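A.B. asks: Please see the structure below; I have some questions.
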Amino acid sequence: MSVPGHCKLRFSSARSLKRIACIWRVLEILLKKKHGLLMTKRDIYYMDTRLFGSQAIVDSVIDCFASSLQIPRDELGVISASRGLAFGSLKVVQSSSEIDFGTHPLNITSQAATISCAPKIVIIIEKEAVFQTVYQISSRLEGMIPPFLLVTGRGFPCMTTLKFVHWLQKTLPDTLFLALVDYDPHGLLIALQYRLGSKLRADQPTTCCPSLRLLGITRFDLDLYRNQFEADKSAALLTTRGLSILKRVTERARNDGWDEMAQASMDMEAGGFTTEIESLYQQDTAKLAKYIVDKINKLVT
């Protein structure tokens, strides 16, 4: 298209024209929103579902803006809808009211807060199902390990969960941060994301947890709990895609100086198979409790 006296814009396809329309629409929404008002990417999507067509379009435009301007997404007034949950020895004060994470699992929010009661250990759990199981046996862990907080991002963590973990690590520098993930490439990749933070350069400093360590599952665990794993029906051979992910994990872990993760990735590649956390206990939660207690006590003593 062209306008008299102005430059010409050429679009190679209707798809690229729609992309430009989406970019302008998102920009319009951001400029019109009230100063200081925060909205989620989901909010933006529902403001013009017919144009956007999918949530992924909105996500990519927002990420493009943040990357181009080299600013965190929340400086655009856009936050991710939180998927994260937390439970344990943490009390925070928000807007003069105290929130106790020790009563039941609570949704993680991005609101500013001060800590009135802090854990000594933060256990980041890959999957919600395992998080809920550990929550149900949390009374068995109390007194066996130092005061702890359980966190899950329900798979790959959202930005709000990453920022929450980063805030805890920055506020509580003496607290031990541990990751409990499946013995598979995606489990290691999720642990790596918590450690390194967002891939967006502007967000990375406020979403990383540099002190994170790997609690399990490790190749050492497979040997130590051999009888439990031999009956495991979730074990599977590594796929070509899985091997590709492991190579990326090894490289990124080495670049970060996380030797523990690099070794775990290489051990998995050499072993050629994967298994899930659930295979540790196979519905016998006493085994899971013993595993967590034994592993943590080895780290803190």
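Quick note on naming: the chains in the structure tokens go A, B, ... in the order shown, residues restart at 1 in each chain, and ligands are numbered from 1 in order of appearance.
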Mind listing the strand (DSSP E or B) residues of segment 95-226 of chain A, per DSSP on the backbone, as a ChimeraX atom specification?
C.D. replies: /A:97-100,106-107,114-117,121-125,142,145,148-152,176-180,183,213-216
A.B. asks: Give me, as a CSV table (one decimal) with C-alpha atoms, in the first residue's frame, all polymer residues having an atom no more than 8 Å from segment 52-66 of chain A, counting only C-alpha atoms and skipping those fewer than 5 positions away in the same chain.
C.D. replies:
chain,number,residue,atom,x,y,z
A,22,CYS,CA,-1.5,-7.3,15.4
A,23,ILE,CA,1.5,-5.3,16.3
A,26,VAL,CA,-1.2,-4.4,20.8
A,41,LYS,CA,-1.1,-11.1,28.0
A,42,ARG,CA,-4.4,-13.1,28.3
A,44,ILE,CA,-4.8,-8.3,25.8
A,45,TYR,CA,-5.8,-11.3,23.7
A,71,ILE,CA,13.2,-3.7,29.0
A,72,PRO,CA,11.4,-6.3,31.2
A,73,ARG,CA,7.9,-7.1,30.2
A,76,LEU,CA,5.4,-2.4,29.5
A,200,LEU,CA,14.9,-12.4,27.3
A,202,ALA,CA,16.1,-7.7,29.9
A.B. asks: Env of Asn107 of chain A: 7 Å cut, atoms = only C-alpha atoms, seq-sep filter 5 positions within chain, self excluded. Answer as a VMD selection string.
C.D. replies: chain A and resid 84 to 86
A.B. asks: May I ask for the distance between atom CA of Leu214 of chain A and atom CA of Trp167 of chain A, given in Å to one decimal place?
C.D. replies: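 Interatomic distance, atom CA of Leu214 of chain A to atom CA of Trp167 of chain A: 19.2 Å.
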A.B. asks: Going by DSSP on the backbone, which residues of segment 109-141 of chain A come out as alpha helix (DSSP H)? List them as a PyMOL selection string.
C.D. replies: chain A and resi 128-136+138-141
A.B. asks: Got time to write the residues from that selection, C-alpha atoms, as a CSV table (one decimal), in the first residue's frame?
C.D. replies:
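That gives us again-v5.csv:
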chain,number,residue,atom,x,y,z
A,128,GLU,CA,1.9,-30.2,40.3
A,129,ALA,CA,1.0,-33.9,40.9
A,130,VAL,CA,4.2,-34.5,42.8
A,131,PHE,CA,3.9,-31.1,44.5
A,132,GLN,CA,0.5,-32.1,45.8
A,133,THR,CA,1.8,-35.5,47.0
A,134,VAL,CA,4.7,-33.8,48.9
A,135,TYR,CA,2.2,-31.3,50.4
A,136,GLN,CA,0.1,-34.2,51.6
A,138,SER,CA,4.6,-32.5,54.6
A,139,SER,CA,3.8,-33.2,58.2
A,140,ARG,CA,6.1,-36.3,58.0
A,141,LEU,CA,8.9,-34.0,56.8
A.B. asks: Under the rule that only C-alpha atoms are counted, which of A:Trp258, A:Gln94, A:Val151, A:Ile137 is the nearest residue to Thr285 of chain A?
C.D. replies: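 Ranked by minimum distance to Thr285 of chain A, first place goes to A:Ile137.
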A.B. asks: Could you name the residues that touch segment 111-123 of chain A at 9 Å or less, counting only C-alpha atoms, but leaving out those on the same chain fewer than 6 positions away, as number ranges by chain?
C.D. replies: A: 88-95, 98, 100, 145-152, 165, 168, 171-172, 174-180, 215
A.B. asks: Give me a file of those residues, with N, CA and C atoms, as an mmCIF file, in the first residue's frame.
C.D. replies:
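Saved result, again31.cif, follows:
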data_model
loop_
_atom_site.group_PDB
_atom_site.id
_atom_site.type_symbol
_atom_site.label_atom_id
_atom_site.label_comp_id
_atom_site.auth_asym_id
_atom_site.auth_seq_id
_atom_site.Cartn_x
_atom_site.Cartn_y
_atom_site.Cartn_z
ATOM 1 N N GLY A 88 4.300 -23.824 52.554
ATOM 2 C CA GLY A 88 5.335 -24.125 53.533
ATOM 3 C C GLY A 88 5.617 -22.989 54.489
ATOM 4 N N SER A 89 6.839 -22.974 54.991
ATOM 5 C CA SER A 89 7.249 -22.050 56.058
ATOM 6 C C SER A 89 7.591 -20.666 55.506
ATOM 7 N N LEU A 90 6.573 -20.001 55.012
ATOM 8 C CA LEU A 90 6.755 -18.638 54.501
ATOM 9 C C LEU A 90 5.540 -17.800 54.860
ATOM 10 N N LYS A 91 5.811 -16.654 55.472
ATOM 11 C CA LYS A 91 4.773 -15.659 55.723
ATOM 12 C C LYS A 91 5.253 -14.337 55.146
ATOM 13 N N VAL A 92 4.384 -13.680 54.392
ATOM 14 C CA VAL A 92 4.744 -12.394 53.804
ATOM 15 C C VAL A 92 3.679 -11.362 54.140
ATOM 16 N N VAL A 93 4.092 -10.109 54.158
ATOM 17 C CA VAL A 93 3.174 -9.011 54.429
ATOM 18 C C VAL A 93 2.969 -8.221 53.147
ATOM 19 N N GLN A 94 1.716 -8.154 52.701
ATOM 20 C CA GLN A 94 1.339 -7.403 51.513
ATOM 21 C C GLN A 94 0.221 -6.441 51.881
ATOM 22 N N SER A 95 0.429 -5.164 51.629
ATOM 23 C CA SER A 95 -0.597 -4.148 51.903
ATOM 24 C C SER A 95 -1.119 -4.250 53.339
ATOM 25 N N GLU A 98 -0.994 -10.020 56.484
ATOM 26 C CA GLU A 98 -0.044 -11.134 56.430
ATOM 27 C C GLU A 98 -0.651 -12.320 55.695
ATOM 28 N N ASP A 100 -0.070 -16.313 54.957
ATOM 29 C CA ASP A 100 0.612 -17.495 55.489
ATOM 30 C C ASP A 100 0.539 -18.630 54.470
ATOM 31 N N ILE A 145 13.667 -32.336 58.462
ATOM 32 C CA ILE A 145 14.515 -31.435 57.689
ATOM 33 C C ILE A 145 14.233 -30.012 58.171
ATOM 34 N N PRO A 146 15.115 -29.051 57.874
ATOM 35 C CA PRO A 146 14.864 -27.659 58.287
ATOM 36 C C PRO A 146 13.571 -27.124 57.677
ATOM 37 N N PRO A 147 13.026 -26.027 58.239
ATOM 38 C CA PRO A 147 11.791 -25.428 57.698
ATOM 39 C C PRO A 147 11.899 -25.217 56.188
ATOM 40 N N PHE A 148 10.854 -25.611 55.454
ATOM 41 C CA PHE A 148 10.946 -25.636 53.995
ATOM 42 C C PHE A 148 9.744 -24.986 53.338
ATOM 43 N N LEU A 149 9.935 -24.615 52.085
ATOM 44 C CA LEU A 149 8.862 -24.101 51.241
ATOM 45 C C LEU A 149 8.853 -24.908 49.963
ATOM 46 N N LEU A 150 7.666 -25.375 49.559
ATOM 47 C CA LEU A 150 7.496 -26.088 48.300
ATOM 48 C C LEU A 150 6.999 -25.110 47.239
ATOM 49 N N VAL A 151 7.576 -25.201 46.051
ATOM 50 C CA VAL A 151 7.162 -24.342 44.934
ATOM 51 C C VAL A 151 7.007 -25.198 43.689
ATOM 52 N N THR A 152 5.974 -24.943 42.907
ATOM 53 C CA THR A 152 5.858 -25.584 41.595
ATOM 54 C C THR A 152 5.382 -24.567 40.570
ATOM 55 N N VAL A 165 10.717 -16.875 42.709
ATOM 56 C CA VAL A 165 11.886 -17.640 43.164
ATOM 57 C C VAL A 165 13.116 -16.740 43.228
ATOM 58 N N LEU A 168 12.892 -14.574 46.314
ATOM 59 C CA LEU A 168 13.228 -15.348 47.516
ATOM 60 C C LEU A 168 14.740 -15.524 47.646
ATOM 61 N N THR A 171 16.364 -12.216 48.564
ATOM 62 C CA THR A 171 16.000 -11.773 49.907
ATOM 63 C C THR A 171 16.556 -12.696 50.979
ATOM 64 N N LEU A 172 16.673 -13.990 50.631
ATOM 65 C CA LEU A 172 17.139 -15.000 51.601
ATOM 66 C C LEU A 172 18.410 -15.678 51.072
ATOM 67 N N ASP A 174 20.940 -17.016 52.388
ATOM 68 C CA ASP A 174 21.442 -18.201 53.094
ATOM 69 C C ASP A 174 20.521 -19.414 52.951
ATOM 70 N N THR A 175 19.425 -19.250 52.246
ATOM 71 C CA THR A 175 18.471 -20.352 52.055
ATOM 72 C C THR A 175 18.953 -21.283 50.940
ATOM 73 N N LEU A 176 18.744 -22.576 51.134
ATOM 74 C CA LEU A 176 19.138 -23.590 50.154
ATOM 75 C C LEU A 176 18.007 -23.794 49.155
ATOM 76 N N PHE A 177 18.314 -23.656 47.858
ATOM 77 C CA PHE A 177 17.323 -23.837 46.794
ATOM 78 C C PHE A 177 17.620 -25.124 46.034
ATOM 79 N N LEU A 178 16.609 -25.999 45.951
ATOM 80 C CA LEU A 178 16.785 -27.319 45.359
ATOM 81 C C LEU A 178 15.698 -27.600 44.320
ATOM 82 N N ALA A 179 16.054 -28.320 43.268
ATOM 83 C CA ALA A 179 15.098 -28.670 42.214
ATOM 84 C C ALA A 179 14.853 -30.177 42.214
ATOM 85 N N LEU A 180 13.578 -30.572 42.241
ATOM 86 C CA LEU A 180 13.185 -31.982 42.156
ATOM 87 C C LEU A 180 12.416 -32.160 40.852
ATOM 88 N N LEU A 215 18.331 -31.479 43.355
ATOM 89 C CA LEU A 215 18.044 -32.470 44.392
ATOM 90 C C LEU A 215 17.927 -33.856 43.771
#
A.B. asks: If you count only C-alpha atoms, which residues fall within 9 Å of Tyr291 of chain A, apart from same-chain ones fewer than 5 positions away, as a PyMOL selection string?
C.D. replies: chain A and resi 280-281+286+296
A.B. asks: How many Å lie between atom CA of Leu288 of chain A and atom CA of Leu188 of chain A, rounded to one decimal?
C.D. replies: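 Going from atom CA of Leu288 of chain A over to atom CA of Leu188 of chain A, I get 19.6 Å.
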A.B. asks: Between A:Arg25, A:Lys18, A:Ile79, A:Cys208, single out the one closest to Leu38 of chain A, counting only C-alpha atoms.
C.D. replies: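 Among A:Arg25, A:Lys18, A:Ile79, A:Cys208, it is A:Ile79 that comes nearest to Leu38 of chain A.
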A.B. asks: So, with only C-alpha atoms as the atoms that count, which of A:Asp74, A:Glu126, A:Glu28, A:Asp43 lies closest to Thr206 of chain A?
C.D. replies: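 The closest residue to Thr206 of chain A is A:Asp74.
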A.B. asks: Leaving out Arg248 of chain A and any residue of its chain fewer than 5 positions from it, which residues lie within 10 Å of it when counting only C-alpha atoms, given as a list in words?
C.D. replies: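 My reading of the contact set: Pro185, Leu189, Leu243, Ala253, Arg254, Ala262 and Ser265 of chain A.
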A.B. asks: Would you mind exporting the chosen residues as a compact mmCIF listing (two decimals), in the first residue's frame, restricted to N, CA and C atoms?
C.D. replies:
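The new file out20.txt reads:
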# COMPACT_ATOMS: atom_id res chain seq x y z
N PRO A 185 15.01 -35.23 29.80
CA PRO A 185 15.55 -33.96 29.29
C PRO A 185 14.74 -32.74 29.67
N LEU A 189 15.81 -29.42 31.74
CA LEU A 189 15.63 -28.12 31.08
C LEU A 189 14.84 -27.16 31.98
N LEU A 243 17.80 -36.39 23.06
CA LEU A 243 19.27 -36.28 22.99
C LEU A 243 19.69 -34.87 22.58
N ALA A 253 24.70 -25.46 30.76
CA ALA A 253 25.14 -25.67 32.14
C ALA A 253 26.65 -25.41 32.27
N ARG A 254 27.43 -25.88 31.30
CA ARG A 254 28.87 -25.63 31.32
C ARG A 254 29.16 -24.14 31.24
N ALA A 262 25.60 -30.22 34.30
CA ALA A 262 26.27 -30.74 33.10
C ALA A 262 26.53 -32.23 33.24
N SER A 265 23.27 -34.24 32.96
CA SER A 265 22.84 -34.33 31.56
C SER A 265 23.66 -35.38 30.80
A.B. asks: With distances taken over only C-alpha atoms, which of A:His186, A:Lys170, A:Lys199, A:Arg19 is nearest to Ser211 of chain A?
C.D. replies: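 Closest candidate: A:Lys170.
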A.B. asks: If you measure from atom CA of Arg252 of chain A to atom CA of Leu196 of chain A, what distance in Å do you get, rounded to one decimal?
C.D. replies: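 Calculated distance between atom CA of Arg252 of chain A and atom CA of Leu196 of chain A is 9.0 Å.
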